[in-house]
file upload-v2.txt (compact mmCIF, C-alpha atoms and all ligand atoms)
# COMPACT_ATOMS: atom_id res chain seq x y z
CA MET A 1 -57.92 0.27 13.51
CA PRO A 2 -60.60 2.32 11.69
CA GLY A 3 -62.38 0.59 8.83
CA VAL A 4 -63.26 1.94 5.40
CA SER A 5 -66.77 2.44 4.02
CA LEU A 6 -67.81 3.50 0.53
CA VAL A 7 -70.64 5.93 1.14
CA GLY A 8 -71.19 7.69 -2.17
CA SER A 9 -70.58 7.53 -5.88
CA GLY A 10 -70.89 9.99 -8.71
CA SER A 11 -70.01 10.54 -12.32
CA ALA A 12 -69.84 13.28 -14.90
CA CYS A 13 -72.32 13.57 -17.75
CA LEU A 14 -70.58 14.00 -21.11
CA THR A 15 -72.93 15.14 -23.84
CA VAL A 16 -70.81 14.53 -26.97
CA GLN A 17 -71.46 11.04 -28.33
CA LEU A 18 -69.35 9.33 -30.99
CA THR A 19 -70.99 6.25 -32.51
CA ASN A 20 -69.29 3.41 -34.36
CA ASP A 21 -70.94 4.70 -37.53
CA ASP A 22 -69.40 8.13 -36.89
CA LEU A 23 -65.97 6.50 -36.56
CA SER A 24 -66.41 4.56 -39.78
CA GLN A 25 -66.47 7.94 -41.56
CA ARG A 26 -62.92 8.53 -40.32
CA VAL A 27 -61.26 5.08 -40.48
CA ASP A 28 -61.88 1.83 -42.34
CA THR A 29 -64.09 0.12 -39.76
CA SER A 30 -67.75 -0.74 -39.15
CA ASP A 31 -70.29 -0.93 -36.37
CA GLU A 32 -70.44 -4.72 -36.90
CA TRP A 33 -66.68 -5.20 -36.48
CA ILE A 34 -66.38 -2.98 -33.40
CA ALA A 35 -69.50 -4.36 -31.69
CA ALA A 36 -68.54 -8.00 -32.35
CA ARG A 37 -64.92 -7.63 -31.19
CA THR A 38 -65.44 -5.24 -28.27
CA GLY A 39 -69.13 -4.80 -27.38
CA ILE A 40 -68.76 -1.05 -27.90
CA ARG A 41 -71.49 0.84 -29.80
CA GLN A 42 -70.59 4.41 -28.88
CA ARG A 43 -68.36 6.41 -26.56
CA HIS A 44 -68.55 9.90 -25.05
CA LEU A 45 -66.03 12.64 -25.70
CA ALA A 46 -65.13 15.68 -23.65
CA ALA A 47 -66.55 18.85 -25.22
CA ALA A 48 -64.26 21.71 -26.21
CA THR A 49 -65.29 23.54 -23.04
CA ASP A 50 -64.58 20.54 -20.74
CA SER A 51 -61.30 19.89 -19.00
CA LEU A 52 -60.08 16.90 -17.04
CA SER A 53 -60.52 18.92 -13.86
CA SER A 54 -64.07 20.06 -14.73
CA LEU A 55 -65.17 16.46 -15.39
CA ALA A 56 -63.43 15.18 -12.26
CA THR A 57 -65.02 17.96 -10.20
CA GLU A 58 -68.52 17.13 -11.48
CA ALA A 59 -68.08 13.46 -10.61
CA ALA A 60 -66.72 14.31 -7.14
CA ARG A 61 -69.54 16.76 -6.45
CA ASN A 62 -72.15 14.12 -7.27
CA ALA A 63 -70.40 11.54 -5.08
CA LEU A 64 -70.24 14.00 -2.17
CA ALA A 65 -73.96 14.74 -2.57
CA MET A 66 -74.80 11.03 -2.37
CA ALA A 67 -72.56 10.70 0.68
CA ASP A 68 -74.22 13.76 2.25
CA LEU A 69 -70.79 15.20 2.93
CA SER A 70 -69.73 18.80 2.42
CA ALA A 71 -66.57 19.65 0.49
CA GLU A 72 -65.11 21.32 3.61
CA GLU A 73 -65.21 17.98 5.43
CA VAL A 74 -62.96 16.24 2.88
CA ASP A 75 -59.44 15.43 4.12
CA LEU A 76 -57.93 13.96 0.94
CA ILE A 77 -58.66 14.02 -2.79
CA LEU A 78 -56.93 11.34 -4.86
CA LEU A 79 -57.25 11.78 -8.60
CA ALA A 80 -56.38 8.75 -10.72
CA THR A 81 -55.62 9.92 -14.24
CA SER A 82 -53.20 9.48 -17.11
CA THR A 83 -54.45 12.53 -18.98
CA PRO A 84 -53.91 15.48 -16.63
CA ASP A 85 -54.61 19.10 -17.51
CA ASP A 86 -51.26 19.85 -15.91
CA LEU A 87 -48.32 17.44 -15.69
CA PHE A 88 -47.55 18.91 -12.27
CA GLY A 89 -50.91 17.52 -11.12
CA THR A 90 -54.58 18.28 -11.64
CA ALA A 91 -56.04 17.23 -8.27
CA CYS A 92 -55.41 20.66 -6.73
CA GLN A 93 -57.56 22.31 -9.41
CA VAL A 94 -60.33 19.89 -8.43
CA GLN A 95 -59.80 20.74 -4.77
CA ALA A 96 -60.16 24.45 -5.50
CA ALA A 97 -63.22 23.98 -7.74
CA LEU A 98 -64.94 21.85 -5.08
CA GLY A 99 -64.08 24.29 -2.30
CA ALA A 100 -62.50 21.44 -0.35
CA THR A 101 -60.38 23.92 1.55
CA ARG A 102 -59.07 21.46 4.19
CA ALA A 103 -58.18 18.70 1.75
CA VAL A 104 -54.76 17.67 0.53
CA ALA A 105 -54.95 16.66 -3.14
CA PHE A 106 -52.69 14.80 -5.50
CA ASP A 107 -52.71 12.73 -8.68
CA LEU A 108 -51.98 9.03 -8.98
CA THR A 109 -51.13 7.41 -12.31
CA ALA A 110 -51.68 3.73 -12.98
CA ALA A 111 -53.57 3.92 -16.29
CA CYS A 112 -56.70 1.72 -16.35
CA SER A 113 -55.80 0.30 -12.92
CA GLY A 114 -55.64 3.83 -11.51
CA PHE A 115 -58.98 3.77 -9.74
CA VAL A 116 -58.34 0.48 -7.89
CA PHE A 117 -54.81 1.60 -6.97
CA ALA A 118 -56.16 4.94 -5.71
CA LEU A 119 -58.97 3.27 -3.77
CA VAL A 120 -56.50 1.01 -1.95
CA THR A 121 -54.09 3.91 -1.36
CA ALA A 122 -56.89 6.04 0.09
CA ALA A 123 -57.94 3.18 2.36
CA GLN A 124 -54.45 3.03 3.90
CA TYR A 125 -54.72 6.68 5.03
CA ILE A 126 -58.08 5.90 6.62
CA ARG A 127 -56.94 2.68 8.28
CA THR A 128 -53.94 4.41 9.84
CA GLY A 129 -56.26 7.07 11.26
CA VAL A 130 -54.61 9.90 9.30
CA PHE A 131 -57.72 10.88 7.32
CA LYS A 132 -61.47 10.31 7.80
CA ASN A 133 -63.12 11.50 4.59
CA VAL A 134 -61.55 10.83 1.21
CA VAL A 135 -62.72 11.42 -2.36
CA VAL A 136 -61.25 9.03 -4.91
CA ILE A 137 -61.73 10.09 -8.52
CA GLY A 138 -60.97 8.21 -11.73
CA ALA A 139 -61.01 10.51 -14.75
CA ASP A 140 -59.49 10.39 -18.19
CA VAL A 141 -59.75 12.25 -21.48
CA LEU A 142 -57.99 9.67 -23.64
CA SER A 143 -59.36 11.39 -26.77
CA ARG A 144 -56.49 13.87 -26.31
CA TRP A 145 -53.93 11.14 -26.89
CA THR A 146 -55.72 8.81 -29.30
CA ASP A 147 -54.43 8.41 -32.85
CA TRP A 148 -57.75 8.99 -34.63
CA ASP A 149 -56.33 7.48 -37.81
CA ASP A 150 -55.35 4.19 -36.16
CA ARG A 151 -58.39 1.90 -36.37
CA THR A 152 -56.76 -0.70 -34.09
CA THR A 153 -56.91 1.66 -31.10
CA CYS A 154 -59.25 4.61 -31.79
CA VAL A 155 -62.39 2.47 -31.72
CA LEU A 156 -61.76 1.39 -28.12
CA PHE A 157 -61.49 4.52 -26.05
CA GLY A 158 -63.81 7.19 -24.66
CA ASP A 159 -63.69 10.00 -22.10
CA GLY A 160 -65.27 9.97 -18.65
CA ALA A 161 -65.06 10.65 -14.93
CA GLY A 162 -66.35 8.82 -11.87
CA ALA A 163 -65.77 9.16 -8.14
CA VAL A 164 -66.45 7.57 -4.79
CA VAL A 165 -66.41 8.87 -1.23
CA LEU A 166 -64.68 6.79 1.43
CA ARG A 167 -65.26 7.34 5.14
CA ALA A 168 -63.70 5.98 8.27
CA SER A 169 -66.11 3.54 9.91
CA GLU A 170 -66.22 0.92 12.62
CA ARG A 171 -66.82 -1.88 10.15
CA ASP A 172 -64.27 -2.34 7.36
CA ARG A 173 -65.92 -2.71 3.97
CA LEU A 174 -62.70 -3.01 1.98
CA LEU A 175 -62.68 -6.76 2.46
CA GLY A 176 -59.53 -7.65 0.52
CA PHE A 177 -57.25 -6.43 -2.24
CA GLU A 178 -54.25 -7.35 -4.37
CA LEU A 179 -52.20 -5.02 -6.58
CA CYS A 180 -49.62 -6.01 -9.23
CA SER A 181 -47.23 -4.46 -11.76
CA ASP A 182 -45.00 -5.83 -14.50
CA GLY A 183 -42.91 -3.17 -16.23
CA SER A 184 -41.27 -5.76 -18.48
CA LEU A 185 -44.52 -5.70 -20.48
CA ASN A 186 -44.61 -1.90 -20.67
CA HIS A 187 -44.19 -1.93 -24.46
CA CYS A 188 -47.61 -3.64 -24.91
CA LEU A 189 -49.56 -0.45 -24.18
CA ASN A 190 -47.99 2.99 -24.26
CA LEU A 191 -48.61 6.69 -24.18
CA ALA A 192 -44.91 7.39 -24.21
CA TYR A 193 -42.82 10.54 -24.09
CA GLN A 194 -40.86 11.06 -27.30
CA PRO A 195 -37.78 13.14 -26.61
CA GLU A 196 -36.52 15.58 -29.19
CA THR A 197 -33.09 17.01 -28.66
CA ALA A 198 -32.85 20.79 -28.88
CA PRO A 199 -29.61 22.75 -28.54
CA LEU A 200 -29.46 25.00 -25.46
CA VAL A 201 -26.03 26.64 -25.16
CA GLY A 202 -22.64 25.47 -26.40
CA ASP A 203 -22.63 21.67 -26.51
CA ILE A 204 -25.44 21.34 -23.93
CA ASN A 205 -28.77 20.02 -25.23
CA VAL A 206 -32.20 19.68 -23.67
CA GLN A 207 -35.05 17.27 -24.37
CA MET A 208 -38.05 19.21 -25.66
CA GLY A 209 -40.33 16.39 -26.78
CA THR A 210 -43.97 15.56 -26.39
CA PHE A 211 -46.14 12.51 -25.82
CA SER A 212 -47.00 10.36 -28.80
CA PRO A 213 -50.50 8.88 -29.17
CA ILE A 214 -51.49 5.54 -27.66
CA THR A 215 -49.90 2.42 -29.17
CA MET A 216 -51.05 -1.07 -28.24
CA ASN A 217 -50.47 -4.71 -28.98
CA GLY A 218 -54.12 -5.72 -28.73
CA ARG A 219 -53.58 -9.46 -28.74
CA GLU A 220 -50.93 -9.33 -25.99
CA VAL A 221 -53.11 -7.08 -23.84
CA TYR A 222 -56.08 -9.39 -24.36
CA LYS A 223 -54.07 -12.47 -23.31
CA PHE A 224 -52.67 -10.61 -20.31
CA ALA A 225 -56.12 -9.51 -19.16
CA VAL A 226 -57.92 -12.84 -19.44
CA SER A 227 -55.16 -14.67 -17.53
CA ARG A 228 -54.21 -12.10 -14.88
CA VAL A 229 -57.59 -10.62 -13.95
CA PRO A 230 -59.27 -13.85 -12.73
CA GLU A 231 -56.07 -14.67 -10.81
CA VAL A 232 -55.89 -11.30 -9.06
CA ILE A 233 -59.60 -11.41 -8.15
CA GLU A 234 -59.10 -14.87 -6.63
CA LYS A 235 -56.18 -13.57 -4.57
CA ALA A 236 -58.20 -10.60 -3.33
CA LEU A 237 -61.11 -12.91 -2.50
CA PHE A 238 -58.73 -15.19 -0.58
CA ARG A 239 -57.53 -12.20 1.48
CA ALA A 240 -61.17 -11.36 2.16
CA GLY A 241 -61.88 -14.92 3.28
CA LEU A 242 -64.48 -15.20 0.51
CA THR A 243 -65.01 -17.26 -2.64
CA THR A 244 -66.45 -16.42 -6.06
CA ALA A 245 -69.83 -17.65 -4.80
CA ASP A 246 -69.92 -14.65 -2.45
CA ILE A 247 -69.68 -12.10 -5.29
CA ASP A 248 -72.93 -10.18 -5.82
CA TRP A 249 -71.52 -7.96 -8.58
CA MET A 250 -68.40 -7.85 -10.71
CA VAL A 251 -67.49 -4.29 -11.66
CA LEU A 252 -64.41 -4.68 -13.85
CA HIS A 253 -62.50 -2.13 -15.87
CA GLN A 254 -64.63 -1.78 -19.00
CA ALA A 255 -61.98 -2.58 -21.62
CA ASN A 256 -63.76 -5.04 -23.85
CA GLN A 257 -66.93 -7.12 -23.46
CA ARG A 258 -65.05 -10.24 -24.54
CA ILE A 259 -62.60 -9.72 -21.67
CA LEU A 260 -65.47 -9.23 -19.18
CA ASP A 261 -67.16 -12.40 -20.46
CA ALA A 262 -63.94 -14.45 -20.34
CA VAL A 263 -63.13 -13.33 -16.78
CA ALA A 264 -66.67 -14.09 -15.58
CA ASP A 265 -66.54 -17.47 -17.31
CA ARG A 266 -63.22 -18.43 -15.71
CA LEU A 267 -64.46 -17.43 -12.27
CA GLY A 268 -67.89 -19.03 -12.76
CA VAL A 269 -69.72 -15.77 -12.12
CA PRO A 270 -73.10 -15.62 -13.96
CA SER A 271 -73.24 -12.97 -16.69
CA ASP A 272 -76.21 -11.19 -15.07
CA ARG A 273 -73.90 -10.38 -12.12
CA VAL A 274 -71.40 -8.60 -14.38
CA VAL A 275 -71.89 -4.85 -14.65
CA SER A 276 -71.23 -3.64 -18.18
CA ASN A 277 -71.64 -0.23 -19.74
CA MET A 278 -69.19 -1.01 -22.56
CA ALA A 279 -71.79 -0.47 -25.26
CA ARG A 280 -72.42 3.14 -24.23
CA HIS A 281 -69.03 4.31 -22.95
CA GLY A 282 -66.20 2.20 -24.41
CA ASN A 283 -62.97 2.12 -22.43
CA THR A 284 -62.69 5.26 -20.29
CA SER A 285 -59.48 4.16 -18.54
CA ALA A 286 -59.33 5.23 -14.87
CA ALA A 287 -62.95 6.44 -15.06
CA SER A 288 -64.48 3.16 -16.14
CA ILE A 289 -64.89 1.41 -12.77
CA PRO A 290 -66.35 4.32 -10.75
CA LEU A 291 -68.57 5.22 -13.73
CA ALA A 292 -69.93 1.65 -14.03
CA LEU A 293 -70.31 1.45 -10.24
CA ASP A 294 -72.17 4.75 -10.07
CA GLU A 295 -74.55 3.79 -12.88
CA ALA A 296 -75.30 0.44 -11.22
CA VAL A 297 -75.88 2.08 -7.83
CA ARG A 298 -78.17 4.76 -9.27
CA ALA A 299 -80.08 2.15 -11.30
CA GLY A 300 -80.80 0.33 -8.02
CA LYS A 301 -78.85 -2.79 -9.05
CA ILE A 302 -76.17 -2.54 -6.38
CA GLN A 303 -77.77 -2.49 -2.94
CA PRO A 304 -76.35 -1.81 0.53
CA GLY A 305 -74.43 -4.85 1.78
CA ASP A 306 -73.72 -6.22 -1.70
CA VAL A 307 -70.24 -7.68 -2.20
CA ILE A 308 -68.53 -6.21 -5.26
CA ALA A 309 -65.44 -7.64 -6.93
CA THR A 310 -63.72 -4.88 -8.80
CA ALA A 311 -60.57 -5.16 -10.90
CA GLY A 312 -58.55 -2.76 -13.00
CA PHE A 313 -55.92 -3.68 -15.58
CA GLY A 314 -53.96 -1.94 -18.26
CA ALA A 315 -50.84 0.01 -19.11
CA GLY A 316 -47.76 -0.32 -16.97
CA LEU A 317 -48.61 -3.09 -17.12
CA THR A 318 -50.64 -2.86 -13.94
CA TRP A 319 -53.53 -4.85 -12.54
CA GLY A 320 -55.32 -5.08 -9.24
CA ALA A 321 -58.51 -6.19 -7.55
CA ALA A 322 -60.47 -4.98 -4.55
CA ILE A 323 -63.37 -6.72 -2.86
CA ILE A 324 -65.70 -4.15 -1.37
CA GLN A 325 -69.05 -4.09 0.32
CA TRP A 326 -71.33 -1.27 -0.75
CA ARG A 327 -72.24 1.16 2.09
N1 LIG A 401 -62.15 -2.29 -37.85
C1 LIG A 401 -62.05 -3.26 -38.78
N2 LIG A 401 -61.01 -4.10 -38.84
C2 LIG A 401 -60.05 -3.97 -37.92
C3 LIG A 401 -60.09 -2.97 -36.92
C4 LIG A 401 -61.19 -2.11 -36.92
N3 LIG A 401 -61.35 -1.13 -36.00
N4 LIG A 401 -59.00 -3.09 -36.13
C5 LIG A 401 -58.28 -4.12 -36.61
N5 LIG A 401 -58.91 -4.63 -37.70
C6 LIG A 401 -58.50 -5.77 -38.53
C7 LIG A 401 -57.01 -6.01 -38.48
O1 LIG A 401 -56.34 -5.19 -39.39
C8 LIG A 401 -56.94 -7.47 -38.84
O2 LIG A 401 -57.05 -7.59 -40.23
P1 LIG A 401 -56.17 -8.66 -41.04
O3 LIG A 401 -56.61 -9.99 -40.49
O4 LIG A 401 -56.57 -8.41 -42.45
O5 LIG A 401 -54.76 -8.33 -40.72
C9 LIG A 401 -58.21 -8.06 -38.25
O6 LIG A 401 -59.09 -6.95 -38.01
C10 LIG A 401 -57.98 -8.78 -36.93
O7 LIG A 401 -57.16 -7.95 -36.12
P2 LIG A 401 -56.71 -8.39 -34.68
O8 LIG A 401 -55.86 -7.32 -34.08
O9 LIG A 401 -56.17 -9.78 -34.74
O10 LIG A 401 -58.11 -8.41 -33.96
P3 LIG A 401 -58.47 -9.00 -32.54
O11 LIG A 401 -59.44 -10.10 -32.68
O12 LIG A 401 -57.25 -9.25 -31.71
O13 LIG A 401 -59.25 -7.77 -31.90
C11 LIG A 401 -58.90 -6.03 -30.31
C12 LIG A 401 -58.58 -6.56 -31.71
C13 LIG A 401 -58.14 -4.73 -30.09
C14 LIG A 401 -60.39 -5.76 -30.21
C15 LIG A 401 -58.48 -7.12 -29.27
O14 LIG A 401 -57.15 -7.53 -29.51
C16 LIG A 401 -58.59 -6.62 -27.86
O15 LIG A 401 -59.66 -6.38 -27.37
N6 LIG A 401 -57.46 -6.47 -27.14
C17 LIG A 401 -57.46 -5.90 -25.83
C18 LIG A 401 -57.40 -4.40 -25.97
C19 LIG A 401 -57.70 -3.67 -24.70
O16 LIG A 401 -58.62 -4.00 -24.01
N7 LIG A 401 -56.89 -2.65 -24.42
C20 LIG A 401 -57.05 -1.80 -23.31
C21 LIG A 401 -56.66 -2.49 -22.05
S1 LIG A 401 -56.81 -1.41 -20.73

call {"tool": "encode", "arguments": {"input": "upload-v2.txt", "output": "structure tokens"}}
result
Amino acid sequence: MPGVSLVGSGSACLTVQLTNDDLSQRVDTSDEWIAARTGIRQRHLAAATDSLSSLATEAARNALAMADLSAEEVDLILLATSTPDDLFGTACQVQAALGATRAVAFDLTAACSGFVFALVTAAQYIRTGVFKNVVVIGADVLSRWTDWDDRTTCVLFGDGAGAVVLRASERDRLLGFELCSDGSLNHCLNLAYQPETAPLVGDINVQMGTFSPITMNGREVYKFAVSRVPEVIEKALFRAGLTTADIDWMVLHQANQRILDAVADRLGVPSDRVVSNMARHGNTSAASIPLALDEAVRAGKIQPGDVIATAGFGAGLTWGAAIIQWR
């Protein structure tokens, strides 16, 4: 059975920055409150000329360059996103923009767990021998669906895009994984469709609604994350035949610094092994893990052979962990 190697990472550079002080001009909040409760100091926003597909394409291009792989060699593009340019799917626009003419492309939605779910999905195609070269992208423009007058949510989120390249290899570097869902907790975090009935003909109506901005029960999501994330990492480690002592780096979904600290504490992972870019990016949903990974790789922190515990968690509710070895 072919193995899976991660051979490149990339991210998009978003130039618009929104600081906590900027936000305090819009809602009743402060830099002190946001930084103390979340660790966030600023976040990036997509510019008016950006699109989800342009950001995803930039991240994928950078990941392909690191992997030294041409777009024509890509077999599959998996785009994890909850904020598509097109509800029919955005991955094909990325495929066209990259010039990945041989690749099949589709979207996968699992909110802030989207990148881990997509990574594991991509690995199955490689392990079965169907595809050799896969680009997995996590990209979200949550600013489109944020209620900018709701201080309990708008301070948390930012926009971003990150990507990795997976290749078939002799040695399998996806060492273990575990994925979970619990739809009974769906109401805790939503970007839900709101139907509006419109008359069509006679007594036949159609639903012509739209999506309402993000709503969240912050305390419930916090409790969910600090209990489920350590558990799912332990399960993935068990499948890998490893323990927490084997973790070189934890690259978790960047939701909240307090969640990262609590998870590391429960697992006994030292804080200097926890990758965090919370302060600069906030919560970028499906983008947060590949973005944090790419920054740590390019900063020379993550080195070939390092064991990385990664975990995503969020709306659905969904959560999942993957233990990977870099390159
Ligand atoms: N600025 C200032 N005050 C704020 C505020 C803001 N941006 N947001 C909420 N508050 C106020 C509340 O109104 C409340 O005031 P009150 O006591 O007068 O009613 C007080 O701060 C405490 O609110 P609470 O919601 O209890 O805060 P908290 O300690 O639970 O922190 C979160 C809120 C959102 C930071 C925290 O619950 C959290 O991180 N949850 C997880 C969210 C998450 O990660 N979601 C994404 C998962 S993918």

call {"tool": "closest_residue", "arguments": {"input": "upload-v2.txt", "among": "A:Leu175, A:Ala168, A:Ala192, A:Ala315", "to": "Asp246 of chain A", "atoms": "only C-alpha atoms"}}
result
A:Leu175

call {"tool": "atom_distance", "arguments": {"input": "upload-v2.txt", "atom1": "atom CA of Ala110 of chain A", "atom2": "atom CA of Leu185 of chain A"}}
result
14.0 Å

call {"tool": "residues_around", "arguments": {"input": "upload-v2.txt", "residues": "Glu295 of chain A", "least_positions_apart": "5", "cutoff": "9 Å", "atoms": "only C-alpha atoms", "output": "PyMOL selection string"}}
result
chain A and resi 9-11+277+290+300-301

call {"tool": "residues_near_ligand", "arguments": {"input": "upload-v2.txt", "ligand": "ligand LIG 401 (chain A)", "cutoff": "9 Å", "atoms": "all atoms listed in the file", "output": "MDAnalysis selection string"}}
result
chainID A and resid 23:24 27:34 36:38 111:113 150:157 189 216:225 253:259 283:285 312:315

call {"tool": "atom_distance", "arguments": {"input": "upload-v2.txt", "atom1": "atom CA of Val229 of chain A", "atom2": "atom CA of Cys180 of chain A"}}
result
10.3 Å

call {"tool": "atom_distance", "arguments": {"input": "upload-v2.txt", "atom1": "atom CA of Gly209 of chain A", "atom2": "atom CA of Thr109 of chain A"}}
result
20.2 Å

call {"tool": "closest_residue", "arguments": {"input": "upload-v2.txt", "among": "A:Gly158, A:Gly138, A:Pro84, A:Gly8", "to": "Asp68 of chain A", "atoms": "all atoms listed in the file"}}
result
A:Gly8

call {"tool": "closest_residue", "arguments": {"input": "upload-v2.txt", "among": "A:Val4, A:Ala100, A:Ala279, A:Ala198", "to": "Lys132 of chain A", "atoms": "all atoms listed in the file"}}
result
A:Val4

call {"tool": "residues_around", "arguments": {"input": "upload-v2.txt", "residues": "Ala161 of chain A", "least_positions_apart": "6", "cutoff": "6 Å", "atoms": "only C-alpha atoms", "output": "number ranges by chain"}}
result
A: 11-12, 55-56, 59, 138-139, 287

call {"tool": "residues_around", "arguments": {"input": "upload-v2.txt", "residues": "Asp75 of chain A", "least_positions_apart": "6", "cutoff": "8 Å", "atoms": "only C-alpha atoms", "output": "PyMOL selection string"}}
result
chain A and resi 102-104+131-134

call {"tool": "axis_aligned_box", "arguments": {"input": "upload-v2.txt", "around": "segment 148-155 of chain A", "padding_each_side": "5 Å", "output": "AutoDock Vina command-line options"}}
result
--center_x -58.9 --center_y 4.1 --center_z -34.5 --size_x 17.0 --size_y 19.7 --size_z 16.7

call {"tool": "closest_residue", "arguments": {"input": "upload-v2.txt", "among": "A:Val136, A:Cys188, A:Val116, A:Leu45", "to": "Ile233 of chain A", "atoms": "all atoms listed in the file"}}
result
A:Val116

call {"tool": "closest_residue", "arguments": {"input": "upload-v2.txt", "among": "A:Thr81, A:Ser212, A:Gln325, A:Gln42", "to": "Asn190 of chain A", "atoms": "only C-alpha atoms"}}
result
A:Ser212

call {"tool": "residues_around", "arguments": {"input": "upload-v2.txt", "residues": "Ala80 of chain A", "least_positions_apart": "2", "cutoff": "7 Å", "atoms": "all atoms listed in the file", "output": "VMD selection string"}}
result
chain A and resid 78 107 to 109 114 to 115 118 137 to 139 286

call {"tool": "write_last_selection", "arguments": {"input": "upload-v2.txt", "atoms": "C-alpha atoms", "output": "PDB file, in the frame of the given file"}}
result
ATOM      1  CA  LEU A  78     -56.930  11.340  -4.860  1.00  0.00           C
ATOM      2  CA  ASP A 107     -52.710  12.730  -8.680  1.00  0.00           C
ATOM      3  CA  LEU A 108     -51.980   9.030  -8.980  1.00  0.00           C
ATOM      4  CA  THR A 109     -51.130   7.410 -12.310  1.00  0.00           C
ATOM      5  CA  GLY A 114     -55.640   3.830 -11.510  1.00  0.00           C
ATOM      6  CA  PHE A 115     -58.980   3.770  -9.740  1.00  0.00           C
ATOM      7  CA  ALA A 118     -56.160   4.940  -5.710  1.00  0.00           C
ATOM      8  CA  ILE A 137     -61.730  10.090  -8.520  1.00  0.00           C
ATOM      9  CA  GLY A 138     -60.970   8.210 -11.730  1.00  0.00           C
ATOM     10  CA  ALA A 139     -61.010  10.510 -14.750  1.00  0.00           C
ATOM     11  CA  ALA A 286     -59.330   5.230 -14.870  1.00  0.00           C
TER      12      ALA A 286
END

call {"tool": "closest_residue", "arguments": {"input": "upload-v2.txt", "among": "A:Thr244, A:Val206, A:Gly268, A:Gly176", "to": "Leu119 of chain A", "atoms": "all atoms listed in the file"}}
result
A:Gly176

call {"tool": "residues_around", "arguments": {"input": "upload-v2.txt", "residues": "Leu64 of chain A", "least_positions_apart": "5", "cutoff": "7 Å", "atoms": "only C-alpha atoms", "output": "list in words"}}
result
Gly8, Leu69, Ser70 and Val165 of chain A

call {"tool": "decode", "arguments": {"input": "upload-v2.txt", "residues": "segment 319-323 of chain A", "atoms": "all heavy atoms", "output": "tab-separated table (two decimals), in the first residue's frame"}}
result
chain	number	residue	atom	x	y	z
A	319	TRP	N	-14.74	17.32	15.00
A	319	TRP	CA	-13.39	17.43	15.53
A	319	TRP	C	-12.58	16.23	15.04
A	319	TRP	O	-13.13	15.17	14.72
A	319	TRP	CB	-13.38	17.56	17.06
A	319	TRP	CG	-13.89	16.41	17.89
A	319	TRP	CD1	-13.17	15.54	18.63
A	319	TRP	CD2	-15.28	16.03	18.10
A	319	TRP	NE1	-14.00	14.65	19.28
A	319	TRP	CE2	-15.29	14.93	18.98
A	319	TRP	CE3	-16.50	16.51	17.61
A	319	TRP	CZ2	-16.48	14.30	19.38
A	319	TRP	CZ3	-17.67	15.88	18.01
A	319	TRP	CH2	-17.65	14.80	18.89
A	320	GLY	N	-11.28	16.43	14.94
A	320	GLY	CA	-10.45	15.36	14.43
A	320	GLY	C	-8.99	15.68	14.62
A	320	GLY	O	-8.61	16.85	14.70
A	321	ALA	N	-8.19	14.62	14.71
A	321	ALA	CA	-6.74	14.80	14.88
A	321	ALA	C	-5.99	13.93	13.88
A	321	ALA	O	-6.46	12.86	13.49
A	321	ALA	CB	-6.32	14.42	16.31
A	322	ALA	N	-4.84	14.41	13.47
A	322	ALA	CA	-3.95	13.63	12.60
A	322	ALA	C	-2.53	13.78	13.13
A	322	ALA	O	-2.12	14.89	13.49
A	322	ALA	CB	-4.03	14.12	11.16
A	323	ILE	N	-1.83	12.67	13.19
A	323	ILE	CA	-0.42	12.69	13.61
A	323	ILE	C	0.40	12.51	12.33
A	323	ILE	O	0.26	11.49	11.64
A	323	ILE	CB	-0.10	11.55	14.61
A	323	ILE	CG1	-1.15	11.48	15.74
A	323	ILE	CG2	1.33	11.70	15.15
A	323	ILE	CD1	-1.27	12.73	16.59
